[in-house]
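Participant: Data: my_file_15.cif, mmCIF, N, CA and C atoms.
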data_query
loop_
_atom_site.label_atom_id
_atom_site.label_comp_id
_atom_site.auth_asym_id
_atom_site.auth_seq_id
_atom_site.Cartn_x
_atom_site.Cartn_y
_atom_site.Cartn_z
N MET Y 1 226.83 80.17 110.23
CA MET Y 1 227.07 81.08 109.13
C MET Y 1 227.35 80.32 107.83
N ARG Y 2 228.08 79.24 107.98
CA ARG Y 2 228.43 78.44 106.82
C ARG Y 2 227.18 77.84 106.19
N LYS Y 3 226.24 77.36 107.04
CA LYS Y 3 225.00 76.81 106.54
C LYS Y 3 224.17 77.90 105.86
N PHE Y 4 224.19 79.07 106.44
CA PHE Y 4 223.44 80.17 105.87
C PHE Y 4 223.95 80.52 104.47
N LEU Y 5 225.27 80.58 104.29
CA LEU Y 5 225.86 80.88 102.98
C LEU Y 5 225.52 79.79 101.96
N THR Y 6 225.55 78.55 102.40
CA THR Y 6 225.22 77.45 101.50
C THR Y 6 223.76 77.53 101.07
N ILE Y 7 222.87 77.76 102.01
CA ILE Y 7 221.44 77.87 101.70
C ILE Y 7 221.19 79.09 100.83
N PHE Y 8 221.83 80.19 101.13
CA PHE Y 8 221.67 81.42 100.35
C PHE Y 8 222.16 81.21 98.90
N THR Y 9 223.31 80.55 98.74
CA THR Y 9 223.86 80.29 97.41
C THR Y 9 222.94 79.37 96.61
N LEU Y 10 222.45 78.33 97.24
CA LEU Y 10 221.53 77.42 96.56
C LEU Y 10 220.23 78.11 96.20
N SER Y 11 219.76 79.01 97.05
CA SER Y 11 218.54 79.76 96.76
C SER Y 11 218.75 80.67 95.56
N LEU Y 12 219.87 81.34 95.50
CA LEU Y 12 220.18 82.21 94.37
C LEU Y 12 220.27 81.41 93.07
N LEU Y 13 220.89 80.25 93.13
CA LEU Y 13 220.99 79.40 91.94
C LEU Y 13 219.61 78.93 91.48
N ALA Y 14 218.75 78.56 92.42
CA ALA Y 14 217.41 78.09 92.07
C ALA Y 14 216.59 79.21 91.45
N VAL Y 15 216.69 80.40 91.98
CA VAL Y 15 215.93 81.54 91.47
C VAL Y 15 216.48 81.97 90.11
N SER Y 16 217.76 81.90 89.94
CA SER Y 16 218.36 82.36 88.69
C SER Y 16 218.10 81.40 87.53
N CYS Y 17 217.74 80.16 87.79
CA CYS Y 17 217.50 79.18 86.72
C CYS Y 17 216.13 79.32 86.10
N ILE Y 18 215.25 80.09 86.72
CA ILE Y 18 213.90 80.26 86.19
C ILE Y 18 213.91 81.44 85.23
N ASP Y 19 213.56 81.19 84.00
CA ASP Y 19 213.51 82.24 82.98
C ASP Y 19 212.04 82.44 82.61
N ASN Y 20 211.52 83.62 82.88
CA ASN Y 20 210.10 83.89 82.64
C ASN Y 20 209.72 83.84 81.16
N ASP Y 21 210.69 83.97 80.27
CA ASP Y 21 210.38 83.89 78.84
C ASP Y 21 209.89 82.50 78.44
N TYR Y 22 210.27 81.49 79.20
CA TYR Y 22 209.89 80.12 78.89
C TYR Y 22 208.83 79.58 79.84
N ASP Y 23 208.22 80.42 80.63
CA ASP Y 23 207.19 80.00 81.57
C ASP Y 23 205.87 79.84 80.81
N LEU Y 24 205.36 78.63 80.71
CA LEU Y 24 204.16 78.35 79.93
C LEU Y 24 202.87 78.54 80.72
N SER Y 25 202.97 78.83 82.00
CA SER Y 25 201.77 78.97 82.81
C SER Y 25 201.03 80.28 82.54
N ASP Y 26 201.69 81.27 81.96
CA ASP Y 26 201.06 82.56 81.72
C ASP Y 26 200.60 82.75 80.28
N ILE Y 27 200.50 81.69 79.51
CA ILE Y 27 200.08 81.81 78.11
C ILE Y 27 198.58 82.04 78.06
N ASP Y 28 198.17 83.06 77.30
CA ASP Y 28 196.75 83.36 77.13
C ASP Y 28 196.30 82.72 75.82
N THR Y 29 195.46 81.66 75.90
CA THR Y 29 195.05 80.93 74.70
C THR Y 29 193.78 81.48 74.10
N ASP Y 30 193.07 82.37 74.80
CA ASP Y 30 191.80 82.93 74.31
C ASP Y 30 190.82 81.83 73.92
N ASP Y 31 190.87 80.69 74.62
CA ASP Y 31 189.98 79.54 74.36
C ASP Y 31 190.08 79.03 72.93
N ILE Y 32 191.27 79.07 72.36
CA ILE Y 32 191.49 78.54 71.01
C ILE Y 32 191.76 77.04 71.13
N GLY Y 33 191.15 76.28 70.25
CA GLY Y 33 191.37 74.84 70.24
C GLY Y 33 191.42 74.33 68.81
N ILE Y 34 191.94 73.15 68.65
CA ILE Y 34 192.01 72.52 67.33
C ILE Y 34 190.95 71.43 67.28
N GLY Y 35 190.02 71.54 66.34
CA GLY Y 35 188.98 70.53 66.20
C GLY Y 35 187.87 70.74 67.21
N ASP Y 36 187.00 69.75 67.32
CA ASP Y 36 185.92 69.78 68.29
C ASP Y 36 185.77 68.40 68.91
N GLU Y 37 184.65 68.16 69.60
CA GLU Y 37 184.51 66.88 70.29
C GLU Y 37 184.37 65.70 69.32
N ASN Y 38 184.07 65.98 68.04
CA ASN Y 38 183.94 64.91 67.05
C ASN Y 38 185.20 64.70 66.23
N SER Y 39 186.23 65.50 66.46
CA SER Y 39 187.46 65.40 65.69
C SER Y 39 188.23 64.14 66.05
N VAL Y 40 188.81 63.55 65.04
CA VAL Y 40 189.65 62.37 65.24
C VAL Y 40 190.99 62.67 64.59
N PHE Y 41 192.04 62.56 65.36
CA PHE Y 41 193.39 62.78 64.85
C PHE Y 41 194.11 61.44 64.87
N THR Y 42 194.63 61.06 63.74
CA THR Y 42 195.31 59.77 63.65
C THR Y 42 196.75 59.98 63.20
N CYS Y 43 197.57 59.04 63.55
CA CYS Y 43 198.94 59.04 63.07
C CYS Y 43 199.30 57.58 62.79
N PRO Y 44 200.07 57.34 61.77
CA PRO Y 44 200.42 55.96 61.44
C PRO Y 44 201.29 55.34 62.53
N LEU Y 45 200.97 54.14 62.89
CA LEU Y 45 201.75 53.45 63.90
C LEU Y 45 202.91 52.66 63.30
N MET Y 46 202.75 52.27 62.02
CA MET Y 46 203.81 51.50 61.39
C MET Y 46 203.66 51.57 59.88
N THR Y 47 204.70 51.22 59.19
CA THR Y 47 204.68 51.06 57.75
C THR Y 47 204.83 49.58 57.46
N LEU Y 48 203.90 49.05 56.69
CA LEU Y 48 203.90 47.63 56.39
C LEU Y 48 204.30 47.44 54.93
N ARG Y 49 205.30 46.66 54.71
CA ARG Y 49 205.76 46.37 53.35
C ARG Y 49 205.55 44.89 53.07
N VAL Y 50 204.92 44.61 51.92
CA VAL Y 50 204.62 43.24 51.54
C VAL Y 50 205.24 43.00 50.17
N ALA Y 51 205.98 41.91 50.05
CA ALA Y 51 206.58 41.55 48.77
C ALA Y 51 205.49 41.03 47.84
N VAL Y 52 205.63 41.30 46.55
CA VAL Y 52 204.64 40.85 45.58
C VAL Y 52 204.52 39.33 45.61
N ALA Y 53 205.61 38.64 45.84
CA ALA Y 53 205.58 37.18 45.87
C ALA Y 53 204.81 36.64 47.08
N ASP Y 54 204.59 37.46 48.09
CA ASP Y 54 203.86 37.02 49.28
C ASP Y 54 202.35 37.11 49.13
N ILE Y 55 201.87 37.75 48.07
CA ILE Y 55 200.43 37.86 47.83
C ILE Y 55 200.00 36.64 47.02
N VAL Y 56 199.28 35.73 47.67
CA VAL Y 56 198.95 34.44 47.06
C VAL Y 56 197.47 34.16 47.27
N ASN Y 57 196.83 33.56 46.26
CA ASN Y 57 195.50 33.02 46.41
C ASN Y 57 195.44 31.67 45.70
N GLU Y 58 194.24 31.12 45.49
CA GLU Y 58 194.14 29.78 44.90
C GLU Y 58 194.61 29.72 43.45
N GLN Y 59 194.73 30.86 42.77
CA GLN Y 59 195.20 30.87 41.39
C GLN Y 59 196.71 31.06 41.28
N GLY Y 60 197.38 31.27 42.39
CA GLY Y 60 198.83 31.43 42.37
C GLY Y 60 199.24 32.75 43.01
N ASP Y 61 200.53 33.02 42.94
CA ASP Y 61 201.02 34.27 43.51
C ASP Y 61 200.87 35.41 42.51
N LEU Y 62 200.88 36.62 43.00
CA LEU Y 62 200.66 37.79 42.15
C LEU Y 62 201.74 37.93 41.09
N ASP Y 63 202.98 37.57 41.41
CA ASP Y 63 204.05 37.60 40.41
C ASP Y 63 203.71 36.72 39.22
N GLY Y 64 203.23 35.52 39.48
CA GLY Y 64 202.87 34.59 38.41
C GLY Y 64 201.70 35.08 37.58
N ILE Y 65 200.72 35.65 38.27
CA ILE Y 65 199.54 36.17 37.56
C ILE Y 65 199.93 37.34 36.66
N LEU Y 66 200.78 38.24 37.18
CA LEU Y 66 201.23 39.37 36.36
C LEU Y 66 202.10 38.91 35.20
N ALA Y 67 202.92 37.89 35.43
CA ALA Y 67 203.75 37.35 34.33
C ALA Y 67 202.87 36.75 33.25
N GLU Y 68 201.80 36.06 33.65
CA GLU Y 68 200.87 35.48 32.68
C GLU Y 68 200.15 36.57 31.90
N ALA Y 69 199.75 37.62 32.58
CA ALA Y 69 199.09 38.73 31.90
C ALA Y 69 200.05 39.42 30.94
N ASP Y 70 201.32 39.49 31.31
CA ASP Y 70 202.32 40.14 30.47
C ASP Y 70 202.52 39.39 29.15
N VAL Y 71 202.34 38.08 29.17
CA VAL Y 71 202.48 37.28 27.95
C VAL Y 71 201.43 37.69 26.93
N TRP Y 72 200.25 38.02 27.40
CA TRP Y 72 199.14 38.34 26.51
C TRP Y 72 199.15 39.80 26.02
N LEU Y 73 200.14 40.56 26.44
CA LEU Y 73 200.26 41.94 25.99
C LEU Y 73 201.38 42.06 24.98
N PRO Y 74 201.24 42.97 24.03
CA PRO Y 74 202.33 43.17 23.07
C PRO Y 74 203.55 43.78 23.77
N ASP Y 75 204.74 43.45 23.24
CA ASP Y 75 205.96 44.01 23.82
C ASP Y 75 206.03 45.52 23.64
N ARG Y 76 205.57 45.99 22.49
CA ARG Y 76 205.51 47.43 22.22
C ARG Y 76 204.05 47.85 22.27
N LEU Y 77 203.72 48.64 23.26
CA LEU Y 77 202.33 49.08 23.42
C LEU Y 77 202.01 50.17 22.41
N PRO Y 78 200.74 50.30 22.04
CA PRO Y 78 200.35 51.33 21.08
C PRO Y 78 200.60 52.74 21.63
N ASP Y 79 200.78 53.66 20.75
CA ASP Y 79 201.01 55.08 21.09
C ASP Y 79 202.29 55.29 21.88
N GLY Y 80 203.22 54.35 21.86
CA GLY Y 80 204.49 54.50 22.56
C GLY Y 80 204.35 54.50 24.07
N ALA Y 81 203.26 53.98 24.59
CA ALA Y 81 203.03 53.95 26.04
C ALA Y 81 204.01 52.99 26.71
N GLU Y 82 204.35 53.29 27.97
CA GLU Y 82 205.26 52.43 28.72
C GLU Y 82 204.52 51.39 29.53
N ALA Y 83 203.22 51.61 29.77
CA ALA Y 83 202.43 50.68 30.56
C ALA Y 83 201.00 50.67 30.04
N VAL Y 84 200.27 49.62 30.36
CA VAL Y 84 198.88 49.52 29.96
C VAL Y 84 198.06 50.50 30.79
N ASP Y 85 197.16 51.20 30.13
CA ASP Y 85 196.29 52.15 30.82
C ASP Y 85 195.11 51.37 31.41
N VAL Y 86 195.19 51.06 32.69
CA VAL Y 86 194.19 50.22 33.35
C VAL Y 86 192.82 50.89 33.35
N LYS Y 87 192.78 52.20 33.47
CA LYS Y 87 191.50 52.90 33.46
C LYS Y 87 190.79 52.69 32.14
N ARG Y 88 191.52 52.82 31.05
CA ARG Y 88 190.91 52.61 29.73
C ARG Y 88 190.59 51.14 29.51
N LEU Y 89 191.44 50.26 30.00
CA LEU Y 89 191.24 48.82 29.80
C LEU Y 89 190.02 48.30 30.55
N THR Y 90 189.72 48.86 31.72
CA THR Y 90 188.59 48.40 32.52
C THR Y 90 187.31 49.19 32.27
N GLY Y 91 187.33 50.11 31.33
CA GLY Y 91 186.12 50.85 30.97
C GLY Y 91 185.90 52.11 31.77
N GLY Y 92 186.93 52.60 32.43
CA GLY Y 92 186.79 53.82 33.22
C GLY Y 92 186.52 55.05 32.38
N ASP Y 93 186.88 55.01 31.10
CA ASP Y 93 186.62 56.13 30.19
C ASP Y 93 185.39 55.90 29.32
N GLY Y 94 184.63 54.87 29.64
CA GLY Y 94 183.43 54.55 28.85
C GLY Y 94 183.62 53.28 28.05
N GLN Y 95 182.50 52.71 27.67
CA GLN Y 95 182.48 51.42 26.95
C GLN Y 95 183.17 51.51 25.59
N GLN Y 96 182.89 52.57 24.84
CA GLN Y 96 183.49 52.69 23.50
C GLN Y 96 185.00 52.87 23.57
N ALA Y 97 185.45 53.66 24.52
CA ALA Y 97 186.89 53.85 24.69
C ALA Y 97 187.55 52.54 25.10
N GLN Y 98 186.89 51.76 25.94
CA GLN Y 98 187.42 50.46 26.35
C GLN Y 98 187.54 49.52 25.15
N GLN Y 99 186.50 49.43 24.36
CA GLN Y 99 186.52 48.55 23.19
C GLN Y 99 187.60 48.97 22.20
N ALA Y 100 187.74 50.27 22.00
CA ALA Y 100 188.76 50.77 21.07
C ALA Y 100 190.16 50.46 21.59
N TYR Y 101 190.37 50.63 22.90
CA TYR Y 101 191.69 50.36 23.49
C TYR Y 101 192.03 48.88 23.42
N VAL Y 102 191.06 48.02 23.75
CA VAL Y 102 191.30 46.57 23.67
C VAL Y 102 191.60 46.18 22.23
N GLN Y 103 190.90 46.77 21.28
CA GLN Y 103 191.15 46.45 19.87
C GLN Y 103 192.57 46.87 19.45
N THR Y 104 193.03 48.05 19.92
CA THR Y 104 194.40 48.45 19.56
C THR Y 104 195.43 47.52 20.20
N LEU Y 105 195.17 47.05 21.44
CA LEU Y 105 196.09 46.09 22.07
C LEU Y 105 196.12 44.77 21.31
N LEU Y 106 194.93 44.29 20.91
CA LEU Y 106 194.87 43.02 20.17
C LEU Y 106 195.52 43.15 18.79
N THR Y 107 195.33 44.29 18.16
CA THR Y 107 195.95 44.52 16.84
C THR Y 107 197.48 44.54 16.98
N ALA Y 108 197.98 45.23 17.99
CA ALA Y 108 199.43 45.29 18.21
C ALA Y 108 199.97 43.89 18.54
N LEU Y 109 199.23 43.10 19.32
CA LEU Y 109 199.65 41.74 19.65
C LEU Y 109 199.67 40.88 18.40
N GLN Y 110 198.64 40.99 17.55
CA GLN Y 110 198.59 40.20 16.32
C GLN Y 110 199.74 40.58 15.38
N GLU Y 111 200.04 41.87 15.28
CA GLU Y 111 201.15 42.31 14.43
C GLU Y 111 202.48 41.77 14.96
N GLU Y 112 202.63 41.73 16.27
CA GLU Y 112 203.86 41.20 16.87
C GLU Y 112 204.00 39.70 16.59
N ILE Y 113 202.90 38.98 16.71
CA ILE Y 113 202.93 37.53 16.43
C ILE Y 113 203.26 37.28 14.97
N ASP Y 114 202.65 38.05 14.07
CA ASP Y 114 202.90 37.88 12.64
C ASP Y 114 204.33 38.22 12.26
N ALA Y 115 204.93 39.20 12.92
CA ALA Y 115 206.28 39.64 12.59
C ALA Y 115 207.35 38.74 13.20
N ASP Y 116 207.00 37.91 14.18
CA ASP Y 116 207.96 37.06 14.87
C ASP Y 116 208.17 35.76 14.09
N ALA Y 117 209.30 35.65 13.41
CA ALA Y 117 209.58 34.45 12.60
C ALA Y 117 209.86 33.24 13.48
N SER Y 118 210.33 33.44 14.69
CA SER Y 118 210.66 32.31 15.56
C SER Y 118 209.43 31.79 16.32
N ASP Y 119 208.32 32.47 16.20
CA ASP Y 119 207.07 32.08 16.89
C ASP Y 119 207.23 32.01 18.41
N ARG Y 120 208.16 32.75 18.95
CA ARG Y 120 208.39 32.75 20.39
C ARG Y 120 207.16 33.27 21.15
N LYS Y 121 206.59 34.39 20.69
CA LYS Y 121 205.43 34.97 21.36
C LYS Y 121 204.22 34.04 21.26
N LEU Y 122 204.04 33.42 20.12
CA LEU Y 122 202.92 32.49 19.94
C LEU Y 122 203.06 31.28 20.87
N GLU Y 123 204.27 30.78 21.03
CA GLU Y 123 204.51 29.66 21.95
C GLU Y 123 204.26 30.05 23.40
N GLN Y 124 204.63 31.27 23.77
CA GLN Y 124 204.38 31.74 25.13
C GLN Y 124 202.88 31.82 25.39
N ILE Y 125 202.13 32.31 24.42
CA ILE Y 125 200.69 32.42 24.59
C ILE Y 125 200.05 31.04 24.64
N ALA Y 126 200.55 30.10 23.85
CA ALA Y 126 199.96 28.76 23.77
C ALA Y 126 200.18 27.97 25.07
N ARG Y 127 201.19 28.32 25.84
CA ARG Y 127 201.43 27.58 27.09
C ARG Y 127 200.33 27.72 28.02
#
Could you render the structure as structure tokens?

Facilitator:
Amino acid sequence: MRKFLTIFTLSLLAVSCIDNDYDLSDIDTDDIGIGDENSVFTCPLMTLRVAVADIVNEQGDLDGILAEADVWLPDRLPDGAEAVDVKRLTGGDGQQAQQAYVQTLLTALQEEIDADASDRKLEQIAR
């Protein structure tokens, strides 16, 4: 009798733990799927961070190259810009826009050199 009560109690506990609301075997999907046999789903496996100083080639590291390029730019960019517009500088807006933008940069650089009594900017460029 004792074994029967134990088995009966365990059976009741096992049956009571099954909740049909969470039973996934009866889900009707109506043959819905995401994508087809040609679909490719990707997820990033890692994030790679590289320091600017680690990018090096035969001309030097990227930090040095950017510092050299910075010397050749005026401290105050035309039109109150905070950075050089690379698209305009490389001709992305057309040849005439590129030439006009380069001319405004050169004019601003020349004005800065002329206004600098200590010739600091001129010495930086001459190096």

Participant: Just give me the gap between atom N of Ser118 of chain Y and atom CA of Trp72 of chain Y in Å, one decimal is fine.

Facilitator: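 Atom N of Ser118 of chain Y sits 17.0 Å away from atom CA of Trp72 of chain Y.
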
Participant: Could you give me, as a list in words, the residues within 8 Å of Asp63 of chain Y, counting only N, CA and C atoms and dropping anything in the same chain fewer than 3 positions from it?

Facilitator: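 After dropping sequence-adjacent residues, the list is Ala51, Val52, Ala53, Asp54, Ile55, Val56, Gly60, Leu66, Ala67, Glu68 and Ala69 of chain Y.
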
Participant: Taking the chain letters and numbering used in this document, name the residues of segment 1-95 of chain Y that DSSP puts in helix (DSSP H, G or I), as an NGL selection string.

Facilitator: :Y and (2-16 or 20-22 or 24-26 or 52-54 or 62-71 or 78-80 or 86-89 or 95)

Participant: Mind dumping the selected residues with N, CA and C atoms as a compact mmCIF listing (two decimals), keeping the file's coordinate frame?

Facilitator:
# COMPACT_ATOMS: atom_id res chain seq x y z
N ARG Y 2 228.08 79.24 107.98
CA ARG Y 2 228.43 78.44 106.82
C ARG Y 2 227.18 77.84 106.19
N LYS Y 3 226.24 77.36 107.04
CA LYS Y 3 225.00 76.81 106.54
C LYS Y 3 224.17 77.90 105.86
N PHE Y 4 224.19 79.07 106.44
CA PHE Y 4 223.44 80.17 105.87
C PHE Y 4 223.95 80.52 104.47
N LEU Y 5 225.27 80.58 104.29
CA LEU Y 5 225.86 80.88 102.98
C LEU Y 5 225.52 79.79 101.96
N THR Y 6 225.55 78.55 102.40
CA THR Y 6 225.22 77.45 101.50
C THR Y 6 223.76 77.53 101.07
N ILE Y 7 222.87 77.76 102.01
CA ILE Y 7 221.44 77.87 101.70
C ILE Y 7 221.19 79.09 100.83
N PHE Y 8 221.83 80.19 101.13
CA PHE Y 8 221.67 81.42 100.35
C PHE Y 8 222.16 81.21 98.90
N THR Y 9 223.31 80.55 98.74
CA THR Y 9 223.86 80.29 97.41
C THR Y 9 222.94 79.37 96.61
N LEU Y 10 222.45 78.33 97.24
CA LEU Y 10 221.53 77.42 96.56
C LEU Y 10 220.23 78.11 96.20
N SER Y 11 219.76 79.01 97.05
CA SER Y 11 218.54 79.76 96.76
C SER Y 11 218.75 80.67 95.56
N LEU Y 12 219.87 81.34 95.50
CA LEU Y 12 220.18 82.21 94.37
C LEU Y 12 220.27 81.41 93.07
N LEU Y 13 220.89 80.25 93.13
CA LEU Y 13 220.99 79.40 91.94
C LEU Y 13 219.61 78.93 91.48
N ALA Y 14 218.75 78.56 92.42
CA ALA Y 14 217.41 78.09 92.07
C ALA Y 14 216.59 79.21 91.45
N VAL Y 15 216.69 80.40 91.98
CA VAL Y 15 215.93 81.54 91.47
C VAL Y 15 216.48 81.97 90.11
N SER Y 16 217.76 81.90 89.94
CA SER Y 16 218.36 82.36 88.69
C SER Y 16 218.10 81.40 87.53
N ASN Y 20 211.52 83.62 82.88
CA ASN Y 20 210.10 83.89 82.64
C ASN Y 20 209.72 83.84 81.16
N ASP Y 21 210.69 83.97 80.27
CA ASP Y 21 210.38 83.89 78.84
C ASP Y 21 209.89 82.50 78.44
N TYR Y 22 210.27 81.49 79.20
CA TYR Y 22 209.89 80.12 78.89
C TYR Y 22 208.83 79.58 79.84
N LEU Y 24 205.36 78.63 80.71
CA LEU Y 24 204.16 78.35 79.93
C LEU Y 24 202.87 78.54 80.72
N SER Y 25 202.97 78.83 82.00
CA SER Y 25 201.77 78.97 82.81
C SER Y 25 201.03 80.28 82.54
N ASP Y 26 201.69 81.27 81.96
CA ASP Y 26 201.06 82.56 81.72
C ASP Y 26 200.60 82.75 80.28
N VAL Y 52 205.63 41.30 46.55
CA VAL Y 52 204.64 40.85 45.58
C VAL Y 52 204.52 39.33 45.61
N ALA Y 53 205.61 38.64 45.84
CA ALA Y 53 205.58 37.18 45.87
C ALA Y 53 204.81 36.64 47.08
N ASP Y 54 204.59 37.46 48.09
CA ASP Y 54 203.86 37.02 49.28
C ASP Y 54 202.35 37.11 49.13
N LEU Y 62 200.88 36.62 43.00
CA LEU Y 62 200.66 37.79 42.15
C LEU Y 62 201.74 37.93 41.09
N ASP Y 63 202.98 37.57 41.41
CA ASP Y 63 204.05 37.60 40.41
C ASP Y 63 203.71 36.72 39.22
N GLY Y 64 203.23 35.52 39.48
CA GLY Y 64 202.87 34.59 38.41
C GLY Y 64 201.70 35.08 37.58
N ILE Y 65 200.72 35.65 38.27
CA ILE Y 65 199.54 36.17 37.56
C ILE Y 65 199.93 37.34 36.66
N LEU Y 66 200.78 38.24 37.18
CA LEU Y 66 201.23 39.37 36.36
C LEU Y 66 202.10 38.91 35.20
N ALA Y 67 202.92 37.89 35.43
CA ALA Y 67 203.75 37.35 34.33
C ALA Y 67 202.87 36.75 33.25
N GLU Y 68 201.80 36.06 33.65
CA GLU Y 68 200.87 35.48 32.68
C GLU Y 68 200.15 36.57 31.90
N ALA Y 69 199.75 37.62 32.58
CA ALA Y 69 199.09 38.73 31.90
C ALA Y 69 200.05 39.42 30.94
N ASP Y 70 201.32 39.49 31.31
CA ASP Y 70 202.32 40.14 30.47
C ASP Y 70 202.52 39.39 29.15
N VAL Y 71 202.34 38.08 29.17
CA VAL Y 71 202.48 37.28 27.95
C VAL Y 71 201.43 37.69 26.93
N PRO Y 78 200.74 50.30 22.04
CA PRO Y 78 200.35 51.33 21.08
C PRO Y 78 200.60 52.74 21.63
N ASP Y 79 200.78 53.66 20.75
CA ASP Y 79 201.01 55.08 21.09
C ASP Y 79 202.29 55.29 21.88
N GLY Y 80 203.22 54.35 21.86
CA GLY Y 80 204.49 54.50 22.56
C GLY Y 80 204.35 54.50 24.07
N VAL Y 86 195.19 51.06 32.69
CA VAL Y 86 194.19 50.22 33.35
C VAL Y 86 192.82 50.89 33.35
N LYS Y 87 192.78 52.20 33.47
CA LYS Y 87 191.50 52.90 33.46
C LYS Y 87 190.79 52.69 32.14
N ARG Y 88 191.52 52.82 31.05
CA ARG Y 88 190.91 52.61 29.73
C ARG Y 88 190.59 51.14 29.51
N LEU Y 89 191.44 50.26 30.00
CA LEU Y 89 191.24 48.82 29.80
C LEU Y 89 190.02 48.30 30.55
N GLN Y 95 182.50 52.71 27.67
CA GLN Y 95 182.48 51.42 26.95
C GLN Y 95 183.17 51.51 25.59

Participant: Could you give me the residues within segment 20-92 of chain Y that DSSP places in strand (DSSP E), as a PyMOL selection string?

Facilitator: chain Y and resi 56-57+60-61

Participant: List the neighbours of Lys87 of chain Y out to 8 Å using only N, CA and C atoms; skip same-chain residues closer than 4 positions along the sequence, and give me the result as a PyMOL selection string.

Facilitator: chain Y and resi 91-94+97-98

Participant: Between Y:Leu10, Y:Ile34, Y:Val50, Y:Leu73, single out the one closest to Leu106 of chain Y, counting all atoms listed in the file.

Facilitator: Y:Leu73
